[in-house]
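Listing of work_25.cif, mmCIF, C-alpha atoms
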```cif
data_my_file
#
loop_
_atom_site.label_atom_id
_atom_site.label_comp_id
_atom_site.auth_asym_id
_atom_site.auth_seq_id
_atom_site.Cartn_x
_atom_site.Cartn_y
_atom_site.Cartn_z
CA MET A 1 88.69 104.02 88.41
CA LYS A 2 91.45 101.51 87.62
CA ILE A 3 95.01 102.85 87.54
CA ASP A 4 95.71 101.07 84.25
CA ASN A 5 92.95 103.04 82.52
CA TYR A 6 93.99 106.44 83.88
CA ASN A 7 96.19 108.87 81.99
CA PHE A 8 98.22 110.98 84.43
CA ALA A 9 99.58 113.34 81.73
CA GLY A 10 99.63 116.90 83.08
CA LYS A 11 98.09 115.79 86.39
CA LYS A 12 99.46 116.07 89.90
CA ALA A 13 99.01 112.76 91.72
CA ILE A 14 99.25 112.41 95.48
CA VAL A 15 100.10 108.81 96.37
CA ARG A 16 99.85 107.25 99.82
CA VAL A 17 102.62 104.67 100.06
CA ASP A 18 103.87 102.60 102.98
CA PHE A 19 107.52 103.63 103.25
CA ASN A 20 107.65 102.67 106.93
CA VAL A 21 110.89 100.81 106.21
CA PRO A 22 113.27 99.46 108.88
CA LEU A 23 116.34 101.64 109.48
CA ASP A 24 119.58 100.81 111.30
CA GLU A 25 121.11 103.09 113.98
CA ASN A 26 122.69 105.23 111.22
CA GLY A 27 119.37 105.82 109.46
CA LYS A 28 120.19 103.40 106.63
CA ILE A 29 117.45 101.17 105.18
CA THR A 30 117.88 97.48 106.07
CA ASP A 31 115.00 96.13 103.92
CA ASP A 32 113.60 98.10 100.96
CA THR A 33 110.78 95.65 100.06
CA ARG A 34 108.10 98.30 100.62
CA ILE A 35 109.80 100.88 98.40
CA ARG A 36 110.26 98.34 95.62
CA GLY A 37 106.62 97.30 96.00
CA ALA A 38 105.36 100.81 95.21
CA LEU A 39 107.57 101.39 92.15
CA PRO A 40 105.13 100.16 89.43
CA THR A 41 102.52 102.72 90.57
CA LEU A 42 104.98 105.60 90.97
CA LYS A 43 106.70 104.89 87.64
CA LYS A 44 103.37 104.65 85.75
CA ILE A 45 102.47 108.19 86.90
CA LEU A 46 105.85 109.60 85.83
CA ALA A 47 105.87 107.68 82.51
CA ASP A 48 102.44 109.12 81.67
CA GLY A 49 103.82 112.64 82.17
CA GLY A 50 102.30 113.30 85.56
CA SER A 51 103.98 114.86 88.60
CA LEU A 52 104.20 112.90 91.79
CA ILE A 53 103.62 113.78 95.44
CA ILE A 54 104.55 110.89 97.76
CA MET A 55 103.25 110.70 101.31
CA SER A 56 103.89 108.12 104.02
CA HIS A 57 104.29 107.64 107.74
CA MET A 58 107.32 106.19 109.52
CA GLY A 59 107.38 104.68 112.99
CA LYS A 60 105.22 105.93 115.85
CA PRO A 61 106.19 109.56 116.59
CA LYS A 62 102.81 110.05 118.36
CA GLY A 63 101.90 113.32 116.69
CA LYS A 64 105.19 115.04 117.46
CA VAL A 65 108.16 115.94 115.26
CA ASN A 66 110.95 113.43 115.87
CA PRO A 67 114.07 113.48 113.62
CA LYS A 68 114.51 109.74 114.25
CA PHE A 69 111.38 109.18 112.13
CA SER A 70 112.04 111.77 109.44
CA LEU A 71 111.44 110.63 105.87
CA SER A 72 114.35 112.87 104.81
CA GLN A 73 116.51 109.85 105.74
CA ILE A 74 115.10 107.83 102.84
CA LYS A 75 114.85 110.59 100.20
CA ASP A 76 118.03 109.52 98.37
CA ASP A 77 116.98 105.85 98.39
CA VAL A 78 113.61 106.77 96.87
CA ALA A 79 115.36 108.91 94.24
CA LYS A 80 117.68 106.03 93.39
CA ALA A 81 114.79 103.57 93.13
CA LEU A 82 112.84 105.93 90.86
CA GLY A 83 115.89 106.94 88.84
CA THR A 84 115.08 110.63 89.21
CA ASP A 85 115.67 113.51 91.62
CA VAL A 86 113.26 113.82 94.57
CA LYS A 87 112.41 117.13 96.25
CA PHE A 88 111.55 117.13 99.95
CA ALA A 89 108.84 119.07 101.82
CA PRO A 90 109.95 119.35 105.48
CA ASP A 91 106.34 119.94 106.63
CA CYS A 92 103.61 117.79 105.08
CA ALA A 93 100.90 120.31 106.03
CA ASP A 94 102.76 123.27 104.51
CA ALA A 95 103.68 122.07 101.03
CA SER A 96 101.20 123.99 98.84
CA GLU A 97 103.89 126.04 97.11
CA ALA A 98 106.22 123.07 96.57
CA ALA A 99 103.33 121.06 95.11
CA ALA A 100 102.12 123.94 92.90
CA ASN A 101 105.62 124.35 91.43
CA LEU A 102 105.97 120.68 90.45
CA LYS A 103 106.46 120.14 86.74
CA PRO A 104 105.51 116.94 84.85
CA GLY A 105 107.99 114.19 85.70
CA GLU A 106 109.02 115.81 89.00
CA VAL A 107 108.71 114.18 92.42
CA LEU A 108 108.03 115.64 95.87
CA LEU A 109 108.31 113.58 99.06
CA LEU A 110 106.34 114.93 102.03
CA GLU A 111 107.63 114.71 105.60
CA ASN A 112 106.20 112.05 107.95
CA LEU A 113 102.40 112.36 108.14
CA ARG A 114 102.36 111.14 111.73
CA PHE A 115 104.25 114.20 112.93
CA TYR A 116 100.68 115.54 113.02
CA PRO A 117 98.18 113.92 115.46
CA GLU A 118 95.48 114.72 112.89
CA GLU A 119 96.80 111.92 110.64
CA GLU A 120 95.70 109.19 113.06
CA GLY A 121 92.81 111.29 114.37
CA LYS A 122 93.23 110.33 118.03
CA PRO A 123 92.97 112.92 120.80
CA VAL A 124 96.37 113.63 122.36
CA GLY A 125 97.11 114.03 126.06
CA ILE A 126 93.67 112.98 127.29
CA ASP A 127 92.64 109.67 128.78
CA LYS A 128 89.68 107.66 127.44
CA GLU A 129 88.15 107.73 130.94
CA ASP A 130 88.22 111.54 131.04
CA PRO A 131 84.66 112.96 130.82
CA LYS A 132 85.92 115.41 128.17
CA TYR A 133 87.30 112.60 125.97
CA ASP A 134 84.26 112.43 123.63
CA GLU A 135 84.39 116.17 123.09
CA ALA A 136 88.15 115.99 122.36
CA LYS A 137 87.54 113.10 119.96
CA LYS A 138 84.91 115.08 118.06
CA GLU A 139 87.23 118.07 117.80
CA MET A 140 90.10 115.86 116.55
CA LYS A 141 87.85 114.30 113.88
CA SER A 142 87.09 117.82 112.62
CA ARG A 143 90.82 118.66 112.58
CA GLN A 144 91.51 115.37 110.80
CA LYS A 145 89.12 116.38 107.98
CA ASP A 146 90.88 119.74 107.63
CA PHE A 147 94.26 117.99 107.51
CA ALA A 148 93.03 115.54 104.84
CA LYS A 149 91.54 118.43 102.84
CA LYS A 150 94.88 120.24 102.94
CA LEU A 151 96.72 117.16 101.63
CA ALA A 152 94.08 116.71 98.91
CA SER A 153 94.53 120.33 97.81
CA TYR A 154 98.03 119.56 96.54
CA ALA A 155 96.83 117.28 93.73
CA ASP A 156 94.29 116.47 91.00
CA VAL A 157 94.17 112.76 91.67
CA TYR A 158 94.59 110.46 94.70
CA VAL A 159 96.13 106.99 94.62
CA ASN A 160 96.26 104.69 97.64
CA ASP A 161 99.05 102.12 97.33
CA ALA A 162 99.65 101.56 101.06
CA PHE A 163 98.14 98.18 101.88
CA GLY A 164 100.11 98.07 105.13
CA THR A 165 97.90 100.87 106.52
CA ALA A 166 94.65 100.05 104.69
CA HIS A 167 93.09 98.83 107.95
CA ARG A 168 93.42 102.30 109.49
CA LYS A 169 90.92 105.11 108.95
CA HIS A 170 93.61 107.79 108.86
CA ALA A 171 93.57 111.17 107.12
CA SER A 172 95.84 110.01 104.28
CA THR A 173 94.46 106.47 103.89
CA ALA A 174 90.69 107.01 103.94
CA VAL A 175 89.47 110.52 104.83
CA ILE A 176 91.36 112.20 101.94
CA ALA A 177 89.40 110.11 99.41
CA ASP A 178 86.27 112.15 100.20
CA TYR A 179 87.87 115.15 98.46
CA PHE A 180 88.21 113.41 95.07
CA ASP A 181 85.44 112.24 92.75
CA ALA A 182 85.20 108.59 91.69
CA ASP A 183 87.10 109.22 88.44
CA ASN A 184 90.09 110.74 90.25
CA LYS A 185 90.77 108.29 93.04
CA MET A 186 92.04 104.74 92.71
CA LEU A 187 94.04 101.89 94.18
CA GLY A 188 97.66 101.57 93.10
CA TYR A 189 99.05 98.40 91.52
CA LEU A 190 100.35 97.05 94.82
CA MET A 191 96.97 97.54 96.55
CA GLU A 192 95.17 95.88 93.63
CA LYS A 193 97.50 92.88 93.89
CA GLU A 194 97.08 92.66 97.67
CA VAL A 195 93.29 92.80 97.46
CA GLN A 196 93.36 90.12 94.73
CA ALA A 197 95.67 87.88 96.79
CA VAL A 198 93.32 88.03 99.79
CA ASP A 199 90.43 87.31 97.44
CA ASN A 200 92.27 84.22 96.15
CA ILE A 201 92.68 82.96 99.69
CA LEU A 202 89.09 83.62 100.76
CA SER A 203 86.88 83.06 97.74
CA ASP A 204 88.81 80.71 95.51
CA ILE A 205 90.03 78.12 97.98
CA LYS A 206 91.68 75.03 96.49
CA ARG A 207 91.79 72.25 99.07
CA PRO A 208 93.42 71.24 101.28
CA PHE A 209 93.79 74.77 102.72
CA THR A 210 96.57 75.01 105.31
CA ALA A 211 97.19 78.08 107.46
CA ILE A 212 100.38 78.48 109.49
CA MET A 213 100.13 80.95 112.35
CA GLY A 214 103.28 81.75 114.30
CA GLY A 215 104.44 84.45 116.65
CA SER A 216 104.73 84.78 120.37
CA LYS A 217 101.15 85.46 121.48
CA VAL A 218 97.83 83.70 121.03
CA SER A 219 96.03 86.89 122.07
CA THR A 220 97.17 88.90 119.02
CA LYS A 221 96.07 86.15 116.62
CA ILE A 222 92.82 84.97 118.24
CA GLY A 223 90.51 86.83 115.81
CA ILE A 224 92.14 85.35 112.76
CA ILE A 225 92.51 81.87 114.29
CA GLU A 226 88.76 81.79 115.00
CA ASN A 227 87.93 83.10 111.52
CA LEU A 228 90.21 80.54 109.86
CA MET A 229 88.56 77.67 111.76
CA ASP A 230 85.61 77.94 109.37
CA LYS A 231 87.84 77.94 106.29
CA VAL A 232 90.92 75.76 106.71
CA ASP A 233 91.49 72.02 106.63
CA ASN A 234 94.77 72.24 108.56
CA LEU A 235 95.83 74.84 111.11
CA ILE A 236 99.47 74.83 112.19
CA LEU A 237 100.15 76.90 115.33
CA CYS A 238 103.83 77.50 116.02
CA GLY A 239 106.34 79.95 117.50
CA GLY A 240 106.01 81.24 121.05
CA MET A 241 102.31 80.38 121.30
CA THR A 242 103.32 76.67 121.28
CA TYR A 243 104.19 76.95 124.97
CA THR A 244 100.85 78.48 126.00
CA PHE A 245 99.17 75.45 124.39
CA ALA A 246 101.65 73.03 126.02
CA LYS A 247 101.09 74.50 129.49
CA ALA A 248 97.31 74.53 128.97
CA GLN A 249 97.50 70.76 128.38
CA GLY A 250 99.49 70.17 131.55
CA GLY A 251 102.95 70.42 130.05
CA LYS A 252 106.09 71.65 131.81
CA ILE A 253 107.54 74.53 129.80
CA GLY A 254 110.55 75.75 131.81
CA ASP A 255 111.21 79.44 131.19
CA SER A 256 109.40 79.55 127.82
CA ILE A 257 107.21 82.48 126.84
CA CYS A 258 103.63 81.88 127.94
CA GLU A 259 100.37 83.82 128.30
CA ASP A 260 99.12 82.43 131.59
CA ASP A 261 95.81 84.27 131.24
CA LYS A 262 95.14 82.56 127.89
CA LEU A 263 95.35 78.89 128.95
CA ASP A 264 91.55 78.47 128.82
CA LEU A 265 91.52 80.14 125.41
CA ALA A 266 94.12 77.65 124.15
CA LEU A 267 91.98 74.71 125.36
CA ASP A 268 88.95 76.31 123.73
CA ILE A 269 90.80 76.52 120.39
CA ILE A 270 91.73 72.81 120.64
CA LYS A 271 88.07 71.97 121.37
CA LYS A 272 86.73 74.12 118.52
CA ALA A 273 89.16 72.59 116.02
CA LYS A 274 87.89 69.12 117.00
CA GLU A 275 84.25 70.19 116.68
CA LYS A 276 84.82 71.74 113.26
CA GLY A 277 86.92 68.86 111.94
CA VAL A 278 90.02 71.03 111.54
CA ASN A 279 93.36 69.24 111.79
CA LEU A 280 95.12 71.34 114.46
CA VAL A 281 98.88 70.76 114.30
CA LEU A 282 100.97 71.79 117.31
CA GLY A 283 104.67 71.33 117.97
CA THR A 284 105.61 68.13 119.80
CA ASP A 285 109.32 68.85 120.32
CA CYS A 286 111.43 71.98 120.42
CA VAL A 287 114.96 73.31 120.42
CA ALA A 288 115.38 74.87 123.86
CA GLY A 289 118.08 77.32 124.88
CA ASP A 290 119.49 78.11 128.33
CA ALA A 291 119.42 81.86 127.49
CA PHE A 292 117.66 84.13 125.00
CA SER A 293 120.74 84.41 122.81
CA ASN A 294 122.09 83.09 119.52
CA ASP A 295 124.99 81.56 121.45
CA ALA A 296 122.85 79.79 124.06
CA ASN A 297 123.48 76.13 124.79
CA THR A 298 120.77 74.06 123.11
CA LEU A 299 118.78 70.98 123.91
CA VAL A 300 116.14 69.12 121.87
CA CYS A 301 113.27 68.08 124.13
CA SER A 302 109.53 67.50 124.22
CA SER A 303 107.48 70.74 124.10
CA MET A 304 105.60 69.26 127.08
CA ASP A 305 108.73 68.68 129.17
CA ILE A 306 111.19 71.57 129.03
CA PRO A 307 113.63 71.64 131.99
CA ASP A 308 113.69 74.59 134.39
CA GLY A 309 116.12 77.29 133.26
CA TRP A 310 115.54 76.45 129.58
CA GLU A 311 113.14 78.06 127.09
CA GLY A 312 111.69 76.89 123.78
CA MET A 313 113.41 78.83 120.96
CA ASP A 314 112.56 76.89 117.80
CA ALA A 315 110.60 73.92 116.46
CA GLY A 316 112.34 70.57 117.00
CA PRO A 317 113.13 68.00 114.25
CA LEU A 318 109.93 65.92 114.72
CA THR A 319 107.80 69.06 114.63
CA ARG A 320 109.58 70.33 111.51
CA ASP A 321 108.86 67.04 109.74
CA SER A 322 105.22 67.03 110.80
CA PHE A 323 104.66 70.67 109.70
CA ALA A 324 106.42 70.09 106.37
CA GLY A 325 104.37 66.95 105.67
CA VAL A 326 101.08 68.84 106.10
CA ILE A 327 102.25 71.87 104.08
CA ARG A 328 103.59 69.84 101.14
CA ASN A 329 100.12 68.35 100.52
CA ALA A 330 98.30 71.71 100.61
CA LYS A 331 96.77 73.50 97.59
CA THR A 332 96.15 76.84 99.37
CA ILE A 333 98.62 78.12 101.98
CA LEU A 334 98.64 81.15 104.25
CA TRP A 335 101.73 81.81 106.40
CA ASN A 336 101.84 84.47 109.09
CA GLY A 337 104.50 84.33 111.80
CA PRO A 338 107.74 82.35 112.26
CA ALA A 339 108.25 79.04 114.07
CA GLY A 340 111.03 80.29 116.32
CA VAL A 341 113.42 83.12 117.09
CA PHE A 342 114.50 83.29 113.44
CA GLU A 343 116.43 86.53 114.04
CA PHE A 344 119.07 84.31 115.68
CA ASP A 345 120.79 82.24 112.98
CA ASN A 346 121.01 79.20 115.26
CA PHE A 347 117.20 79.10 115.65
CA THR A 348 116.03 79.38 112.04
CA ALA A 349 115.55 75.68 111.27
CA GLY A 350 111.80 75.59 112.08
CA SER A 351 110.94 78.63 109.99
CA ARG A 352 113.23 77.37 107.22
CA ALA A 353 111.45 74.00 107.16
CA ILE A 354 108.10 75.79 106.77
CA ALA A 355 109.45 78.05 104.01
CA ASP A 356 111.02 75.14 102.10
CA ALA A 357 107.79 73.11 102.29
CA ILE A 358 105.76 76.11 101.06
CA VAL A 359 108.15 76.54 98.11
CA GLU A 360 107.79 72.82 97.27
CA ALA A 361 103.97 72.98 97.46
CA THR A 362 103.96 76.13 95.30
CA LYS A 363 106.03 74.35 92.64
CA ASN A 364 103.38 71.63 92.69
CA GLY A 365 100.60 74.13 91.96
CA ALA A 366 99.55 75.46 95.38
CA PHE A 367 98.66 79.15 95.87
CA SER A 368 100.83 80.45 98.72
CA LEU A 369 100.40 83.78 100.47
CA VAL A 370 103.08 84.90 102.94
CA GLY A 371 102.24 87.98 104.99
CA GLY A 372 103.11 89.83 108.16
CA GLY A 373 106.44 91.49 108.86
CA ASP A 374 108.27 88.54 110.40
CA SER A 375 107.20 85.98 107.79
CA VAL A 376 108.22 88.36 105.02
CA ALA A 377 111.58 88.93 106.75
CA CYS A 378 111.91 85.12 106.94
CA VAL A 379 111.39 84.46 103.22
CA ASN A 380 113.68 87.39 102.40
CA LYS A 381 116.37 86.10 104.78
CA PHE A 382 116.19 82.67 103.12
CA GLY A 383 116.14 84.19 99.60
CA LEU A 384 112.83 82.45 98.79
CA ALA A 385 110.47 85.42 98.26
CA ASP A 386 110.31 84.84 94.50
CA GLN A 387 109.41 81.16 94.97
CA VAL A 388 106.04 81.66 96.71
CA SER A 389 102.88 82.89 94.96
CA TYR A 390 102.57 86.19 96.79
CA VAL A 391 104.38 88.09 99.53
CA SER A 392 102.10 90.63 101.21
CA THR A 393 103.43 93.98 102.43
CA GLY A 394 100.67 94.25 105.02
CA GLY A 395 100.73 92.64 108.45
CA GLY A 396 97.71 93.95 110.36
CA ALA A 397 95.86 94.83 107.15
CA LEU A 398 96.30 91.35 105.72
CA LEU A 399 95.08 89.69 108.92
CA GLU A 400 92.04 91.98 109.20
CA ALA A 401 91.13 91.36 105.56
CA ILE A 402 91.35 87.61 106.12
CA GLU A 403 89.29 88.00 109.30
CA GLY A 404 86.64 89.34 106.95
CA LYS A 405 86.81 92.96 108.14
CA VAL A 406 86.23 95.86 105.76
CA LEU A 407 89.48 97.81 105.21
CA PRO A 408 88.78 101.57 105.36
CA GLY A 409 91.59 102.32 102.89
CA VAL A 410 89.97 100.08 100.28
CA ALA A 411 86.36 101.01 101.07
CA ALA A 412 87.14 104.75 100.72
CA ILE A 413 87.92 104.14 97.05
CA LYS A 414 85.78 101.17 96.09
CA GLY A 415 82.77 102.19 98.18
#
```
Could you spell out this file's structure in structure tokens?
Amino acid sequence: MKIDNYNFAGKKAIVRVDFNVPLDENGKITDDTRIRGALPTLKKILADGGSLIIMSHMGKPKGKVNPKFSLSQIKDDVAKALGTDVKFAPDCADASEAAANLKPGEVLLLENLRFYPEEEGKPVGIDKEDPKYDEAKKEMKSRQKDFAKKLASYADVYVNDAFGTAHRKHASTAVIADYFDADNKMLGYLMEKEVQAVDNILSDIKRPFTAIMGGSKVSTKIGIIENLMDKVDNLILCGGMTYTFAKAQGGKIGDSICEDDKLDLALDIIKKAKEKGVNLVLGTDCVAGDAFSNDANTLVCSSMDIPDGWEGMDAGPLTRDSFAGVIRNAKTILWNGPAGVFEFDNFTAGSRAIADAIVEATKNGAFSLVGGGDSVACVNKFGLADQVSYVSTGGGALLEAIEGKVLPGVAAIKG
């Protein structure tokens, strides 16, 4: 069922959103992108005359109640965004009465799903090596079904609009769908857009296709790097992983971040790119700092020759020019991960150069997809989010989809 074709009048809809928003030390939201992203779906249900039950996780409370991760902190922000009062259920597994009493146009926000270990479905307090682990896992899967069934009992229809967790087979993202027939479960608008954006990248590639992968570790990106090798014309690798590649090629990297156990992997990636005819673009110079701080003294030097006591913090001017040149000529662009420690204002130039080049290419007709928490934070920080084709709310989910993996949250609805 498509959400556009569904009339929610008189129906109770339970919607899985991703309201795992960043909070400051006072519990105030610092970036409400994810709440804004879900509004079209939530407002459609209310406009139709349906009542709305919103469920989400926040943080990693590991199956225990933790006030630091309570969704009560964001209730007023959600109410403001929706323009209507929001009721709160302090226990997501004990909200039958609150849900039953909802009238058309009313909204109920459930407490953090992950206060229950059943949400993630992983056995608690038992090691994988324990001989009783398999038994505990089986028991938890049974409890997970019961938990999902309870959540499903609150509503007539289920909508999944949480792309950020679509790669997880959790009670609220996949298992719950089993308790609704095909006509009463659907993807929300945000999920539909995310799935379409991934489809644009993978099945409708306009060339040249350039992927920019940043971040500190090669190990967390290896799956997607290998998958992209068969698809892209240009692969830009930047951020902290620059220094693993530099060291692998005999470079001197000072105190820069490096995965010493991944040097062979880095050389293997260089070799594979050559074999597959992929233009692999690595940083040649960097802005180094003498401390991991915004106020560190800086030095522009070769990425292959960083003095002792200094660490690479951002892409250097030659690297910025070389990245931008490749990006400006692209017709399909995927960006995941910054080029430096962009959280520090003095080390944003590399990421800014990438963002500006993507904006320029997009103006010239390229399809650009920016995804993953840090890249999204980058384009938001630079005020450029509305100048790229699509900003994805999903980090892990986006990468797994592009790796070609089936996302349980999507499969549970689309089959």
Evaluate the PyMOL selection byres ((chain A and resi 289) around 8) against this structure - the residues, as a PyMOL selection string, please.
chain A and resi 287-288+290-293+296-299+310-313
Using all atoms listed in the file, which residue out of A:Leu282, A:Val157, A:Ala148, A:Ala385 lies closest to Ser51 (chain A)?
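Nearest candidate to Ser51 (chain A) out of A:Leu282, A:Val157, A:Ala148, A:Ala385: A:Val157.
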Work out how far CA of Lys62 (chain A) is from CA of Pro117 (chain A), in Å to one decimal.
6.7 Å
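For the residues A:Glu226, A:Glu194, A:Asp308, A:Asp31, ranking by smallest atom-to-atom distance to Gly371 (chain A) using all atoms listed in the file places A:Glu194 first.
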Would you write out, as a list in words, every residue that the PyMOL selection byres ((chain A and resi 243) around 7) captures in this file?
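Selection result, ordered by chain and number: Gly240, Met241, Thr242, Thr244, Phe245, Ala246, Lys247, Ile253, Ser256, Ile257 and Cys258 of chain A.
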For the interface of region 219-268 of chain A with region 389-397 of chain A (cut-off 12 Å, counting all atoms listed in the file), please tabulate each contacting residue of region 219-268 of chain A alongside its nearest pair of atoms and their separation in Å to one decimal, rows sorted by chain and increasing number, as a Markdown table.
```
| residue | atom | partner | partner_atom | distance |
| --- | --- | --- | --- | --- |
| A:Thr220 | CA | A:Gly396 | CA | 10.0 |
| A:Lys221 | CA | A:Gly396 | CA | 10.1 |
| A:Gly223 | CA | A:Gly396 | CA | 11.5 |
| A:Ile224 | CA | A:Gly396 | CA | 10.5 |
```
How many Å lie between CA of Gly409 (chain A) and CA of Val175 (chain A), rounded to one decimal?
8.7 Å
Any chance you could tabulate, as a Markdown table, the residues of region 194-257 of chain A at most 12 Å from region 356-365 of chain A with each one's nearest atom pair and distance in Å to one decimal, using all atoms listed in the file, in chain and rising number order?
```
| residue | atom | partner | partner_atom | distance |
| --- | --- | --- | --- | --- |
| A:Lys206 | CA | A:Gly365 | CA | 10.0 |
| A:Arg207 | CA | A:Gly365 | CA | 11.5 |
| A:Pro208 | CA | A:Ala361 | CA | 11.4 |
| A:Phe209 | CA | A:Ala361 | CA | 11.6 |
| A:Thr210 | CA | A:Ile358 | CA | 10.2 |
| A:Ala211 | CA | A:Ile358 | CA | 10.9 |
| A:Ile212 | CA | A:Ile358 | CA | 10.3 |
```
Given all atoms listed in the file as the basis, pick out the residue of A:Asp178, A:Ala9, A:Ser322, A:Gly37 nearest to Asp146 (chain A).
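Of all the options, A:Asp178 lies closest to Asp146 (chain A).
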When the PyMOL selection byres ((chain A and resi 191) around 10) is applied to the file above, which residues end up in the set, as a ChimeraX atom specification?
/A:17,37-38,41,159-164,166,186-190,192-197,392-394,409-410
Test item: residues at most 6 Å from Ala155 (chain A), all atoms listed in the file, excluding those fewer than 4 positions along its chain, as a list in words
Lys12, Ala13 and Ile14 of chain A
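The interatomic distance for the pair CA of Ala266 (chain A) and CA of Ala248 (chain A) works out to 6.6 Å.
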Minimum-distance residue to Asp199 (chain A), chosen among A:Gly404, A:Leu263, A:Leu23, A:Ala411 (using all atoms listed in the file):
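Checking each candidate against Asp199 (chain A), we get A:Gly404 as the closest.
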Measuring between all atoms listed in the file, which one of A:Asn329, A:Asn227, A:Leu334, A:Ser216 shows the shortest distance to Asp314 (chain A)?
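Looking only at the distances to Asp314 (chain A), the closest residue turns out to be A:Ser216.
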Which residue of A:Lys44, A:Lys331, A:Arg16, A:Lys68 approaches Asp4 (chain A) most closely, using all atoms listed in the file:
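Ranked by minimum distance to Asp4 (chain A), first place goes to A:Lys44.
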Could you rebuild region 291-296 of chain A with all heavy atoms and give me the result as a short mmCIF file (atom, residue, chain, number, x, y, z; two decimals), keeping the file's coordinate frame?
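Written output follows (result-v9.cif):
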```cif
data_model
loop_
_atom_site.label_atom_id
_atom_site.label_comp_id
_atom_site.auth_asym_id
_atom_site.auth_seq_id
_atom_site.Cartn_x
_atom_site.Cartn_y
_atom_site.Cartn_z
N ALA A 291 119.45 80.39 127.42
CA ALA A 291 119.42 81.86 127.49
C ALA A 291 118.79 82.35 126.19
O ALA A 291 118.79 81.64 125.19
CB ALA A 291 120.84 82.42 127.62
N PHE A 292 118.24 83.56 126.22
CA PHE A 292 117.66 84.13 125.00
C PHE A 292 118.78 84.79 124.20
O PHE A 292 118.98 86.00 124.24
CB PHE A 292 116.56 85.14 125.35
CG PHE A 292 115.77 85.60 124.15
CD1 PHE A 292 114.80 84.77 123.60
CD2 PHE A 292 116.00 86.83 123.56
CE1 PHE A 292 114.07 85.17 122.49
CE2 PHE A 292 115.29 87.23 122.44
CZ PHE A 292 114.32 86.41 121.91
N SER A 293 119.55 83.93 123.51
CA SER A 293 120.74 84.41 122.81
C SER A 293 121.08 83.44 121.70
O SER A 293 120.82 82.23 121.82
CB SER A 293 121.90 84.52 123.81
OG SER A 293 123.14 84.37 123.15
N ASN A 294 121.68 83.95 120.63
CA ASN A 294 122.09 83.09 119.52
C ASN A 294 123.11 82.06 119.98
O ASN A 294 123.20 80.96 119.45
CB ASN A 294 122.66 83.95 118.38
CG ASN A 294 122.94 83.12 117.14
OD1 ASN A 294 122.09 82.34 116.69
ND2 ASN A 294 124.13 83.26 116.58
N ASP A 295 123.91 82.44 121.00
CA ASP A 295 124.99 81.56 121.45
C ASP A 295 124.60 80.67 122.63
O ASP A 295 125.46 80.04 123.25
CB ASP A 295 126.21 82.41 121.85
CG ASP A 295 126.60 83.38 120.74
OD1 ASP A 295 126.58 82.94 119.57
OD2 ASP A 295 126.91 84.55 121.02
N ALA A 296 123.30 80.62 122.93
CA ALA A 296 122.85 79.79 124.06
C ALA A 296 123.18 78.32 123.82
O ALA A 296 123.26 77.87 122.68
CB ALA A 296 121.33 79.95 124.23
#
```
